[in-house]
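So this one's entry-v3.pdb, PDB, C-alpha atoms:
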ATOM      1  CA  MET A   1     -34.432  78.245-179.339
ATOM      2  CA  TRP A   2     -34.315  78.163-175.514
ATOM      3  CA  ASN A   3     -33.541  81.882-175.289
ATOM      4  CA  SER A   4     -36.493  82.763-177.520
ATOM      5  CA  LEU A   5     -38.787  80.598-175.397
ATOM      6  CA  VAL A   6     -37.610  82.296-172.217
ATOM      7  CA  SER A   7     -38.139  85.769-173.662
ATOM      8  CA  GLY A   8     -41.779  84.948-174.352
ATOM      9  CA  SER A   9     -42.460  83.257-171.011
ATOM     10  CA  GLU A  10     -44.015  84.657-167.874
ATOM     11  CA  LEU A  11     -43.066  81.880-165.459
ATOM     12  CA  THR A  12     -40.070  79.604-164.901
ATOM     13  CA  PHE A  13     -40.525  76.366-162.963
ATOM     14  CA  CYS A  14     -37.427  75.166-161.066
ATOM     15  CA  ILE A  15     -37.351  71.486-160.127
ATOM     16  CA  LEU A  16     -34.719  69.492-158.267
ATOM     17  CA  THR A  17     -34.868  65.774-158.953
ATOM     18  CA  PHE A  18     -33.168  62.731-157.508
ATOM     19  CA  ASP A  19     -34.323  59.128-157.974
ATOM     20  CA  LYS A  20     -38.025  59.986-158.345
ATOM     21  CA  THR A  21     -38.466  60.043-162.106
ATOM     22  CA  PRO A  22     -41.970  58.441-162.235
ATOM     23  CA  TRP A  23     -43.264  61.215-159.955
ATOM     24  CA  LEU A  24     -41.301  63.890-161.822
ATOM     25  CA  GLU A  25     -43.012  62.783-165.029
ATOM     26  CA  LYS A  26     -46.401  63.389-163.391
ATOM     27  CA  THR A  27     -45.204  66.804-162.218
ATOM     28  CA  LEU A  28     -44.170  67.764-165.740
ATOM     29  CA  LYS A  29     -47.441  66.498-167.199
ATOM     30  CA  SER A  30     -49.400  68.522-164.643
ATOM     31  CA  ILE A  31     -47.505  71.653-165.679
ATOM     32  CA  HIS A  32     -48.282  70.923-169.334
ATOM     33  CA  ASN A  33     -51.961  70.296-168.591
ATOM     34  CA  PHE A  34     -52.693  72.991-166.027
ATOM     35  CA  CYS A  35     -50.309  75.923-166.417
ATOM     36  CA  ASP A  36     -52.328  78.446-168.422
ATOM     37  CA  THR A  37     -49.568  80.985-168.961
ATOM     38  CA  GLU A  38     -46.409  80.808-171.063
ATOM     39  CA  TYR A  39     -43.693  78.966-169.138
ATOM     40  CA  THR A  40     -40.349  77.224-169.221
ATOM     41  CA  VAL A  41     -39.011  74.491-166.931
ATOM     42  CA  LYS A  42     -35.508  74.073-165.517
ATOM     43  CA  ILE A  43     -34.702  70.651-164.047
ATOM     44  CA  LEU A  44     -31.533  70.041-162.078
ATOM     45  CA  SER A  45     -30.137  66.526-161.933
ATOM     46  CA  GLN A  46     -27.444  66.223-159.282
ATOM     47  CA  GLY A  47     -25.067  63.761-160.829
ATOM     48  CA  THR A  48     -25.411  61.953-164.155
ATOM     49  CA  PRO A  49     -29.099  61.565-165.086
ATOM     50  CA  ASP A  50     -30.276  57.987-164.857
ATOM     51  CA  PRO A  51     -31.565  56.335-168.054
ATOM     52  CA  GLU A  52     -35.128  56.532-166.736
ATOM     53  CA  LEU A  53     -34.971  60.331-166.573
ATOM     54  CA  THR A  54     -33.385  60.608-170.002
ATOM     55  CA  GLN A  55     -36.096  58.419-171.511
ATOM     56  CA  VAL A  56     -38.911  60.387-169.879
ATOM     57  CA  LEU A  57     -37.611  63.711-171.196
ATOM     58  CA  LYS A  58     -37.143  62.218-174.637
ATOM     59  CA  LYS A  59     -40.700  60.876-174.582
ATOM     60  CA  LEU A  60     -42.154  64.216-173.492
ATOM     61  CA  ASP A  61     -40.161  65.962-176.242
ATOM     62  CA  ASP A  62     -40.941  69.428-174.887
ATOM     63  CA  GLU A  63     -38.554  72.170-175.948
ATOM     64  CA  ARG A  64     -39.689  74.271-172.974
ATOM     65  CA  ILE A  65     -37.903  71.851-170.622
ATOM     66  CA  GLU A  66     -34.201  72.377-169.975
ATOM     67  CA  LEU A  67     -32.201  69.700-168.139
ATOM     68  CA  LEU A  68     -29.237  70.998-166.140
ATOM     69  CA  ILE A  69     -26.650  68.664-164.650
ATOM     70  CA  SER A  70     -24.433  69.229-161.644
ATOM     71  CA  LYS A  71     -21.478  66.867-161.349
ATOM     72  CA  VAL A  72     -21.522  67.260-157.580
ATOM     73  CA  ASN A  73     -24.388  67.061-155.112
ATOM     74  CA  LEU A  74     -25.298  70.665-154.332
ATOM     75  CA  GLY A  75     -27.976  69.702-151.852
ATOM     76  CA  CYS A  76     -31.424  71.228-151.734
ATOM     77  CA  ALA A  77     -30.344  74.785-150.901
ATOM     78  CA  GLY A  78     -27.412  74.789-153.305
ATOM     79  CA  GLY A  79     -29.561  73.320-156.047
ATOM     80  CA  ARG A  80     -32.210  76.004-155.665
ATOM     81  CA  LYS A  81     -29.598  78.764-155.705
ATOM     82  CA  PHE A  82     -28.170  77.243-158.862
ATOM     83  CA  LEU A  83     -31.570  77.056-160.561
ATOM     84  CA  VAL A  84     -32.583  80.679-159.944
ATOM     85  CA  LYS A  85     -29.415  82.086-161.486
ATOM     86  CA  GLY A  86     -30.115  84.007-164.651
ATOM     87  CA  ILE A  87     -33.902  83.646-164.579
ATOM     88  CA  GLU A  88     -35.464  86.521-166.512
ATOM     89  CA  THR A  89     -39.165  85.684-166.423
ATOM     90  CA  PRO A  90     -41.283  87.901-164.119
ATOM     91  CA  PHE A  91     -42.227  84.944-161.916
ATOM     92  CA  THR A  92     -40.432  81.857-160.633
ATOM     93  CA  MET A  93     -41.854  78.734-159.026
ATOM     94  CA  MET A  94     -39.878  76.248-156.980
ATOM     95  CA  LEU A  95     -41.709  72.943-157.292
ATOM     96  CA  ASP A  96     -40.777  69.589-155.786
ATOM     97  CA  ASP A  97     -40.664  66.570-158.077
ATOM     98  CA  ASP A  98     -43.616  64.959-156.291
ATOM     99  CA  MET A  99     -45.891  68.009-156.410
ATOM    100  CA  TYR A 100     -48.567  68.364-159.088
ATOM    101  CA  LEU A 101     -50.556  71.348-160.325
ATOM    102  CA  THR A 102     -54.331  71.177-160.675
ATOM    103  CA  ARG A 103     -56.700  73.073-162.929
ATOM    104  CA  GLY A 104     -56.702  76.793-162.175
ATOM    105  CA  SER A 105     -53.948  76.587-159.563
ATOM    106  CA  ILE A 106     -51.401  78.775-161.327
ATOM    107  CA  ARG A 107     -54.064  81.260-162.380
ATOM    108  CA  ALA A 108     -55.226  81.668-158.766
ATOM    109  CA  ALA A 109     -51.671  82.140-157.480
ATOM    110  CA  LEU A 110     -50.663  84.601-160.184
ATOM    111  CA  ASP A 111     -53.880  86.582-159.662
ATOM    112  CA  VAL A 112     -52.802  87.277-156.080
ATOM    113  CA  LEU A 113     -49.407  88.541-157.218
ATOM    114  CA  ARG A 114     -50.834  90.623-160.056
ATOM    115  CA  LYS A 115     -53.501  92.297-157.953
ATOM    116  CA  ASP A 116     -51.401  93.151-154.899
ATOM    117  CA  PRO A 117     -47.844  94.400-155.527
ATOM    118  CA  THR A 118     -47.000  94.054-151.829
ATOM    119  CA  VAL A 119     -47.311  90.244-152.031
ATOM    120  CA  GLY A 120     -44.031  88.754-153.146
ATOM    121  CA  ALA A 121     -44.552  85.011-152.778
ATOM    122  CA  VAL A 122     -47.504  82.652-152.637
ATOM    123  CA  SER A 123     -48.176  79.023-151.894
ATOM    124  CA  MET A 124     -51.349  76.952-152.188
ATOM    125  CA  PRO A 125     -53.151  74.343-150.075
ATOM    126  CA  GLN A 126     -51.741  70.857-150.590
ATOM    127  CA  TYR A 127     -53.775  67.663-150.893
ATOM    128  CA  ASP A 128     -52.881  64.008-151.177
ATOM    129  CA  PRO A 129     -53.921  62.132-154.360
ATOM    130  CA  GLN A 130     -57.120  60.987-152.619
ATOM    131  CA  GLY A 131     -58.238  64.575-152.018
ATOM    132  CA  GLN A 132     -57.373  64.828-148.318
ATOM    133  CA  LEU A 133     -56.019  68.216-147.268
ATOM    134  CA  ILE A 134     -52.571  67.629-145.773
ATOM    135  CA  SER A 135     -51.191  71.165-145.539
ATOM    136  CA  PRO A 136     -52.643  74.668-145.821
ATOM    137  CA  GLY A 137     -49.499  75.625-147.737
ATOM    138  CA  GLY A 138     -47.654  77.628-145.129
ATOM    139  CA  SER A 139     -47.346  78.754-141.524
ATOM    140  CA  ARG A 140     -47.672  81.840-139.431
ATOM    141  CA  LEU A 141     -44.570  82.704-137.436
ATOM    142  CA  SER A 142     -44.207  84.440-134.124
ATOM    143  CA  ILE A 143     -41.116  84.875-131.979
ATOM    144  CA  ARG A 144     -41.370  85.059-128.199
ATOM    145  CA  ASN A 145     -38.534  84.793-125.712
ATOM    146  CA  GLY A 146     -36.160  83.639-128.414
ATOM    147  CA  VAL A 147     -38.440  80.786-129.539
ATOM    148  CA  ILE A 148     -39.887  80.557-133.054
ATOM    149  CA  ASN A 149     -43.481  79.401-132.946
ATOM    150  CA  MET A 150     -45.035  78.082-136.152
ATOM    151  CA  SER A 151     -48.830  77.860-136.301
ATOM    152  CA  ARG A 152     -51.138  76.610-139.032
ATOM    153  CA  PRO A 153     -53.532  79.185-140.452
ATOM    154  CA  ILE A 154     -57.202  78.366-140.788
ATOM    155  CA  LEU A 155     -58.131  78.397-144.454
ATOM    156  CA  ASP A 156     -60.873  80.902-145.198
ATOM    157  CA  TYR A 157     -61.972  80.214-148.755
ATOM    158  CA  ALA A 158     -64.037  83.421-148.772
ATOM    159  CA  LEU A 159     -60.695  85.261-149.053
ATOM    160  CA  SER A 160     -58.543  85.115-152.174
ATOM    161  CA  TRP A 161     -55.398  85.032-150.060
ATOM    162  CA  ILE A 162     -54.249  84.711-146.448
ATOM    163  CA  GLU A 163     -51.062  86.296-145.168
ATOM    164  CA  ILE A 164     -48.454  84.028-143.601
ATOM    165  CA  GLN A 165     -44.727  84.317-142.882
ATOM    166  CA  HIS A 166     -43.407  80.923-143.957
ATOM    167  CA  ILE A 167     -43.766  79.045-147.248
ATOM    168  CA  SER A 168     -42.108  75.747-148.033
ATOM    169  CA  GLY A 169     -39.493  76.126-150.748
ATOM    170  CA  GLY A 170     -40.876  73.015-152.457
ATOM    171  CA  ALA A 171     -44.034  74.813-153.582
ATOM    172  CA  MET A 172     -43.273  78.520-153.730
ATOM    173  CA  LEU A 173     -44.279  80.893-156.518
ATOM    174  CA  PHE A 174     -42.581  84.280-156.221
ATOM    175  CA  ARG A 175     -41.705  87.465-158.040
ATOM    176  CA  THR A 176     -38.305  86.855-159.606
ATOM    177  CA  GLU A 177     -37.120  90.270-158.398
ATOM    178  CA  MET A 178     -37.373  88.881-154.862
ATOM    179  CA  LYS A 179     -34.280  86.761-155.409
ATOM    180  CA  ASP A 180     -32.236  89.856-154.545
ATOM    181  CA  TYR A 181     -33.798  89.915-151.068
ATOM    182  CA  PHE A 182     -33.141  86.353-149.887
ATOM    183  CA  THR A 183     -31.110  83.268-150.555
ATOM    184  CA  TRP A 184     -31.082  79.617-149.578
ATOM    185  CA  ASP A 185     -28.402  79.144-146.927
ATOM    186  CA  SER A 186     -27.188  75.572-147.280
ATOM    187  CA  ALA A 187     -25.578  75.635-143.842
ATOM    188  CA  GLY A 188     -28.790  75.505-141.857
ATOM    189  CA  LEU A 189     -32.573  74.979-142.155
ATOM    190  CA  GLU A 190     -32.674  76.711-145.524
ATOM    191  CA  ASP A 191     -36.463  76.875-145.842
ATOM    192  CA  LEU A 192     -37.143  78.564-142.519
ATOM    193  CA  ASP A 193     -34.005  80.664-142.894
ATOM    194  CA  LYS A 194     -35.282  81.891-146.258
ATOM    195  CA  SER A 195     -38.643  82.860-144.762
ATOM    196  CA  LEU A 196     -37.014  84.763-141.917
ATOM    197  CA  GLN A 197     -34.919  86.715-144.414
ATOM    198  CA  ILE A 198     -38.033  87.734-146.348
ATOM    199  CA  TRP A 199     -39.915  88.582-143.154
ATOM    200  CA  ARG A 200     -37.027  90.669-141.803
ATOM    201  CA  THR A 201     -36.840  92.902-144.893
ATOM    202  CA  GLY A 202     -40.411  94.059-144.290
ATOM    203  CA  LYS A 203     -40.788  94.655-148.043
ATOM    204  CA  TRP A 204     -42.740  91.603-149.151
ATOM    205  CA  LYS A 205     -45.788  89.801-147.848
ATOM    206  CA  GLN A 206     -46.113  86.043-148.225
ATOM    207  CA  ALA A 207     -49.499  84.470-148.794
ATOM    208  CA  ILE A 208     -51.584  81.356-149.360
ATOM    209  CA  ALA A 209     -53.681  81.583-152.539
ATOM    210  CA  THR A 210     -56.829  79.839-151.320
ATOM    211  CA  GLY A 211     -58.180  79.367-154.843
ATOM    212  CA  GLY A 212     -55.238  77.162-155.841
ATOM    213  CA  ARG A 213     -54.710  73.459-155.173
ATOM    214  CA  LEU A 214     -51.569  71.327-155.314
ATOM    215  CA  ILE A 215     -51.302  67.547-155.063
ATOM    216  CA  HIS A 216     -48.439  66.293-152.911
ATOM    217  CA  ASP A 217     -47.879  62.674-153.905
ATOM    218  CA  ARG A 218     -45.808  60.769-151.352
ATOM    219  CA  SER A 219     -46.544  57.353-152.828
ATOM    220  CA  TRP A 220     -42.791  56.959-153.335
ATOM    221  CA  VAL A 221     -42.368  56.309-149.591
ATOM    222  CA  GLY A 222     -40.817  52.882-149.127
ATOM    223  CA  LYS A 223     -40.132  52.561-152.855
ATOM    224  CA  ARG A 224     -37.100  54.827-153.193
ATOM    225  CA  PRO A 225     -34.679  53.854-150.383
ATOM    226  CA  LYS A 226     -31.741  55.453-152.202
ATOM    227  CA  TYR A 227     -33.530  58.786-152.170
ATOM    228  CA  GLU A 228     -34.731  58.460-148.583
ATOM    229  CA  GLN A 229     -31.321  57.549-147.195
ATOM    230  CA  ALA A 230     -29.693  60.389-149.126
ATOM    231  CA  ARG A 231     -32.044  62.840-147.409
ATOM    232  CA  PHE A 232     -31.341  61.847-143.844
ATOM    233  CA  ASN A 233     -28.213  62.270-141.767
ATOM    234  CA  GLY A 234     -28.973  63.116-138.182
ATOM    235  CA  LEU A 235     -25.558  64.589-137.458
ATOM    236  CA  THR A 236     -25.822  66.932-140.429
ATOM    237  CA  LEU A 237     -29.298  67.990-139.349
ATOM    238  CA  HIS A 238     -27.960  68.682-135.867
ATOM    239  CA  ARG A 239     -25.076  70.797-137.236
ATOM    240  CA  ASN A 240     -27.457  72.714-139.484
ATOM    241  CA  TYR A 241     -29.725  73.465-136.552
ATOM    242  CA  GLU A 242     -26.817  74.670-134.420
ATOM    243  CA  TYR A 243     -25.700  76.954-137.258
ATOM    244  CA  PHE A 244     -29.238  78.287-137.611
ATOM    245  CA  ARG A 245     -29.433  79.026-133.872
ATOM    246  CA  LYS A 246     -26.142  80.913-133.899
ATOM    247  CA  LYS A 247     -27.109  82.866-137.006
ATOM    248  CA  TRP A 248     -30.516  84.014-135.767
ATOM    249  CA  GLY A 249     -30.289  83.681-131.990
ATOM    250  CA  TYR A 250     -33.518  81.667-131.882
ATOM    251  CA  ARG A 251     -34.487  78.086-131.213
ATOM    252  CA  LEU A 252     -37.537  76.100-132.287
ATOM    253  CA  THR A 253     -40.298  74.902-129.963
ATOM    254  CA  MET A 254     -39.272  72.184-127.530
ATOM    255  CA  ARG A 255     -40.578  69.176-129.489
ATOM    256  CA  THR A 256     -38.721  70.166-132.656
ATOM    257  CA  HIS A 257     -35.720  71.375-130.687
ATOM    258  CA  LEU A 258     -35.349  67.910-129.103
ATOM    259  CA  LEU A 259     -35.609  66.225-132.492
ATOM    260  CA  TYR A 260     -32.639  68.183-133.828
ATOM    261  CA  GLU A 261     -30.630  68.135-130.620
ATOM    262  CA  VAL A 262     -31.203  64.548-129.494
ATOM    263  CA  VAL A 263     -33.337  62.267-131.661
ATOM    264  CA  TYR A 264     -31.901  62.799-135.146
ATOM    265  CA  PRO A 265     -28.215  62.511-134.157
ATOM    266  CA  ALA A 266     -28.953  59.504-131.932
ATOM    267  CA  VAL A 267     -30.653  57.681-134.801
ATOM    268  CA  THR A 268     -27.633  58.221-137.039
ATOM    269  CA  ILE A 269     -25.019  57.358-134.410
ATOM    270  CA  ALA A 270     -26.871  54.157-133.500
ATOM    271  CA  HIS A 271     -27.289  53.239-137.204
ATOM    272  CA  PHE A 272     -30.954  52.732-136.450
ATOM    273  CA  PRO A 273     -32.702  51.424-139.597
ATOM    274  CA  ILE A 274     -35.261  54.176-140.058
ATOM    275  CA  THR A 275     -35.963  56.343-143.074
ATOM    276  CA  PRO A 276     -36.843  60.035-142.989
ATOM    277  CA  SER A 277     -40.386  59.131-143.997
ATOM    278  CA  GLN A 278     -40.734  56.738-141.076
ATOM    279  CA  MET A 279     -39.334  59.398-138.766
ATOM    280  CA  ASP A 280     -41.716  61.915-140.268
ATOM    281  CA  SER A 281     -44.666  59.618-139.609
ATOM    282  CA  VAL A 282     -43.695  59.515-135.930
ATOM    283  CA  THR A 283     -43.598  63.307-135.687
ATOM    284  CA  ARG A 284     -46.761  63.964-137.652
ATOM    285  CA  LYS A 285     -50.355  64.372-136.576
ATOM    286  CA  GLY A 286     -51.391  62.469-133.482
ATOM    287  CA  SER A 287     -47.904  61.387-132.391
ATOM    288  CA  ILE A 288     -46.309  62.022-129.017
ATOM    289  CA  LEU A 289     -43.801  64.371-130.625
ATOM    290  CA  LYS A 290     -46.116  66.705-132.460
ATOM    291  CA  ARG A 291     -49.347  68.461-131.711
ATOM    292  CA  THR A 292     -52.495  67.587-133.572
ATOM    293  CA  HIS A 293     -52.850  69.679-136.698
ATOM    294  CA  GLN A 294     -55.223  72.613-136.353
ATOM    295  CA  GLY A 295     -57.361  74.389-138.863
ATOM    296  CA  LEU A 296     -57.415  71.688-141.549
ATOM    297  CA  THR A 297     -60.530  70.718-143.485
ATOM    298  CA  ASN A 298     -61.252  67.956-145.964
ATOM    299  CA  ASP A 299     -62.041  68.516-149.607
ATOM    300  CA  LYS A 300     -62.746  65.343-151.553
ATOM    301  CA  SER A 301     -63.326  67.194-154.831
ATOM    302  CA  VAL A 302     -59.633  67.661-155.640
ATOM    303  CA  ARG A 303     -57.888  65.004-157.678
ATOM    304  CA  ALA A 304     -54.573  64.913-159.532
TER     305      ALA A 304
END
Before we go any further, please render this structure as structure tokens.
Amino acid sequence: MWNSLVSGSELTFCILTFDKTPWLEKTLKSIHNFCDTEYTVKILSQGTPDPELTQVLKKLDDERIELLISKVNLGCAGGRKFLVKGIETPFTMMLDDDMYLTRGSIRAALDVLRKDPTVGAVSMPQYDPQGQLISPGGSRLSIRNGVINMSRPILDYALSWIEIQHISGGAMLFRTEMKDYFTWDSAGLEDLDKSLQIWRTGKWKQAIATGGRLIHDRSWVGKRPKYEQARFNGLTLHRNYEYFRKKWGYRLTMRTHLLYEVVYPAVTIAHFPITPSQMDSVTRKGSILKRTHQGLTNDKSVRA
């Protein structure tokens, strides 16, 4: 049955999940409600699925959803590489388990890919559940004097798409044939590394589909300590950054560079009781460690 479903599908969603089943359920419901093309879903559980996940999938009773289980923790990069193996649908979408589709979002993203064969991957603007724009969906990259600069594009809704060079792997819709041109390198900063690989080939453009909207629901913050602690190890982050620097010969801008070189490892060594989300709140908009976001507008009309 699964093979026949795949053969008739245009899009495969790939979702990693760990200890966020209530949010994953909303993600799956949003796909069911708002994906207006034939699709299948692959979910990877790293380790034995908890009873909550098993019950949710049983309740949804959707034969288009396939649950895969890895006995070992493959990590984010390893999990994504595992999920894309063997995909035969023309399009693939990596989607985090706290990211929700909205009406018309997939149609807008696929329209960009269908109309321009030079565009290989698209993202969409991301909003919180209250309708506040929190991310344009990607970044422009420039490299000067060995430093990677990431800037936020200004969203021009008069355009159907805006070219960028970096898309987060947690909300990336791409031509499946692109998987032969990049991979997720689990040894260092896999998202940025992936974008640099695509950029370096010169074959594919990456874009923001301005007509699409995603909801990024971080209401799990403070409610899933097991998940948050599993995400953060400052020494590992430091090693990954050092690997990335050796691989590419670049460093990040000074604020981010200091986070990876000094702050993250110090937090882990000192056993400082802080979660990644708390650390993220320090480095976000308006903090002393990160510049104020540019080019963002509010749109209160979007709801999950």
The PyMOL selection byres ((chain A and resi 93-98) around 9) resolved against shown file, as number ranges by chain = A: 11-18, 20-28, 80, 91-92, 99-100, 169-176, 215-220
message = Neighbouring residues of Leu57 in chain A were defined as those with any atom within 9 Å, considering only C-alpha atoms; residues of the same chain fewer than 5 positions away were excluded. Please report them as a PyMOL selection string.
response = chain A and resi 25+52+62+65+67
Same residues, C-alpha atoms, saved as a compact mmCIF listing (two decimals), in the frame of the given file:
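Contents of again_28.txt, freshly written:
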# COMPACT_ATOMS: atom_id res chain seq x y z
CA GLU A 25 -43.01 62.78 -165.03
CA GLU A 52 -35.13 56.53 -166.74
CA ASP A 62 -40.94 69.43 -174.89
CA ILE A 65 -37.90 71.85 -170.62
CA LEU A 67 -32.20 69.70 -168.14
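Here, the PyMOL selection byres ((chain A and resi 141) around 12) matches A:Gly138, A:Ser139, A:Arg140, A:Ser142, A:Ile143, A:Arg144, A:Val147, A:Ile148, A:Asn149, A:Met150, A:Ser151, A:Arg152, A:Pro153, A:Glu163, A:Ile164, A:Gln165, A:His166, A:Ile167, A:Leu192, A:Ser195, A:Leu196, A:Trp199, A:Arg200, A:Gln206, A:Leu252, A:Thr253.
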ask   = What is the CA of Trp161 in chain A to CA of Met178 in chain A distance in Å?
value =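 Interatomic distance here is 19.0 Å.
Taking only C-alpha atoms, the non-local environment of Val263 in chain A within 10 Å (same-chain residues fewer than 6 positions away omitted) comprises A:Gly234, A:Leu235, A:His238, A:Thr256, A:His257, A:Met279.
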ask   = Evaluating the PyMOL selection byres ((chain A and resi 160) around 12) on the displayed file yields which residues, as number ranges by chain?
value = A: 107-113, 115-116, 122, 124, 155-159, 161-163, 207-212
Would you fill the gaps in range 155-179 of chain A so it has N, CA and C atoms, then print it as an mmCIF file, in the coordinates of the input?
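See rebuild04.cif below for the written result:
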data_model
loop_
_atom_site.group_PDB
_atom_site.id
_atom_site.type_symbol
_atom_site.label_atom_id
_atom_site.label_comp_id
_atom_site.auth_asym_id
_atom_site.auth_seq_id
_atom_site.Cartn_x
_atom_site.Cartn_y
_atom_site.Cartn_z
ATOM 1 N N LEU A 155 -57.837 77.990 -143.084
ATOM 2 C CA LEU A 155 -58.131 78.397 -144.454
ATOM 3 C C LEU A 155 -59.534 78.990 -144.543
ATOM 4 N N ASP A 156 -59.601 80.228 -144.978
ATOM 5 C CA ASP A 156 -60.873 80.902 -145.198
ATOM 6 C C ASP A 156 -61.037 81.069 -146.702
ATOM 7 N N TYR A 157 -61.839 80.208 -147.303
ATOM 8 C CA TYR A 157 -61.972 80.214 -148.755
ATOM 9 C C TYR A 157 -62.777 81.400 -149.266
ATOM 10 N N ALA A 158 -63.353 82.194 -148.355
ATOM 11 C CA ALA A 158 -64.037 83.421 -148.772
ATOM 12 C C ALA A 158 -63.030 84.501 -149.158
ATOM 13 N N LEU A 159 -61.766 84.325 -148.726
ATOM 14 C CA LEU A 159 -60.695 85.261 -149.053
ATOM 15 C C LEU A 159 -59.871 84.710 -150.203
ATOM 16 N N SER A 160 -59.382 85.584 -151.061
ATOM 17 C CA SER A 160 -58.543 85.115 -152.174
ATOM 18 C C SER A 160 -57.145 84.756 -151.706
ATOM 19 N N TRP A 161 -56.701 85.390 -150.608
ATOM 20 C CA TRP A 161 -55.398 85.032 -150.060
ATOM 21 C C TRP A 161 -55.332 85.323 -148.570
ATOM 22 N N ILE A 162 -54.445 84.593 -147.890
ATOM 23 C CA ILE A 162 -54.249 84.711 -146.448
ATOM 24 C C ILE A 162 -52.772 84.976 -146.204
ATOM 25 N N GLU A 163 -52.469 85.980 -145.425
ATOM 26 C CA GLU A 163 -51.062 86.296 -145.168
ATOM 27 C C GLU A 163 -50.451 85.321 -144.176
ATOM 28 N N ILE A 164 -49.241 84.891 -144.476
ATOM 29 C CA ILE A 164 -48.454 84.028 -143.601
ATOM 30 C C ILE A 164 -47.019 84.557 -143.621
ATOM 31 N N GLN A 165 -46.131 83.896 -142.901
ATOM 32 C CA GLN A 165 -44.727 84.317 -142.882
ATOM 33 C C GLN A 165 -43.768 83.210 -143.332
ATOM 34 N N HIS A 166 -44.298 82.023 -143.573
ATOM 35 C CA HIS A 166 -43.407 80.923 -143.957
ATOM 36 C C HIS A 166 -44.053 80.066 -145.033
ATOM 37 N N ILE A 167 -43.343 79.898 -146.139
ATOM 38 C CA ILE A 167 -43.766 79.045 -147.248
ATOM 39 C C ILE A 167 -42.678 78.017 -147.497
ATOM 40 N N SER A 168 -43.080 76.781 -147.689
ATOM 41 C CA SER A 168 -42.108 75.747 -148.033
ATOM 42 C C SER A 168 -41.502 76.036 -149.397
ATOM 43 N N GLY A 169 -40.184 75.887 -149.487
ATOM 44 C CA GLY A 169 -39.493 76.126 -150.748
ATOM 45 C C GLY A 169 -39.844 75.129 -151.825
ATOM 46 N N GLY A 170 -40.517 74.030 -151.473
ATOM 47 C CA GLY A 170 -40.876 73.015 -152.457
ATOM 48 C C GLY A 170 -42.138 73.324 -153.225
ATOM 49 N N ALA A 171 -42.810 74.420 -152.872
ATOM 50 C CA ALA A 171 -44.034 74.813 -153.582
ATOM 51 C C ALA A 171 -44.216 76.312 -153.404
ATOM 52 N N MET A 172 -43.312 77.077 -153.958
ATOM 53 C CA MET A 172 -43.273 78.520 -153.730
ATOM 54 C C MET A 172 -43.216 79.254 -155.065
ATOM 55 N N LEU A 173 -44.240 80.068 -155.320
ATOM 56 C CA LEU A 173 -44.279 80.893 -156.518
ATOM 57 C C LEU A 173 -43.998 82.331 -156.099
ATOM 58 N N PHE A 174 -42.978 82.950 -156.685
ATOM 59 C CA PHE A 174 -42.581 84.280 -156.221
ATOM 60 C C PHE A 174 -42.164 85.185 -157.373
ATOM 61 N N ARG A 175 -42.204 86.496 -157.074
ATOM 62 C CA ARG A 175 -41.705 87.465 -158.040
ATOM 63 C C ARG A 175 -40.187 87.251 -158.184
ATOM 64 N N THR A 176 -39.727 87.133 -159.394
ATOM 65 C CA THR A 176 -38.305 86.855 -159.606
ATOM 66 C C THR A 176 -37.428 87.940 -159.012
ATOM 67 N N GLU A 177 -37.918 89.190 -158.978
ATOM 68 C CA GLU A 177 -37.120 90.270 -158.398
ATOM 69 C C GLU A 177 -36.825 90.035 -156.917
ATOM 70 N N MET A 178 -37.601 89.172 -156.277
ATOM 71 C CA MET A 178 -37.373 88.881 -154.862
ATOM 72 C C MET A 178 -36.061 88.166 -154.606
ATOM 73 N N LYS A 179 -35.497 87.545 -155.638
ATOM 74 C CA LYS A 179 -34.280 86.761 -155.409
ATOM 75 C C LYS A 179 -33.110 87.632 -154.941
#
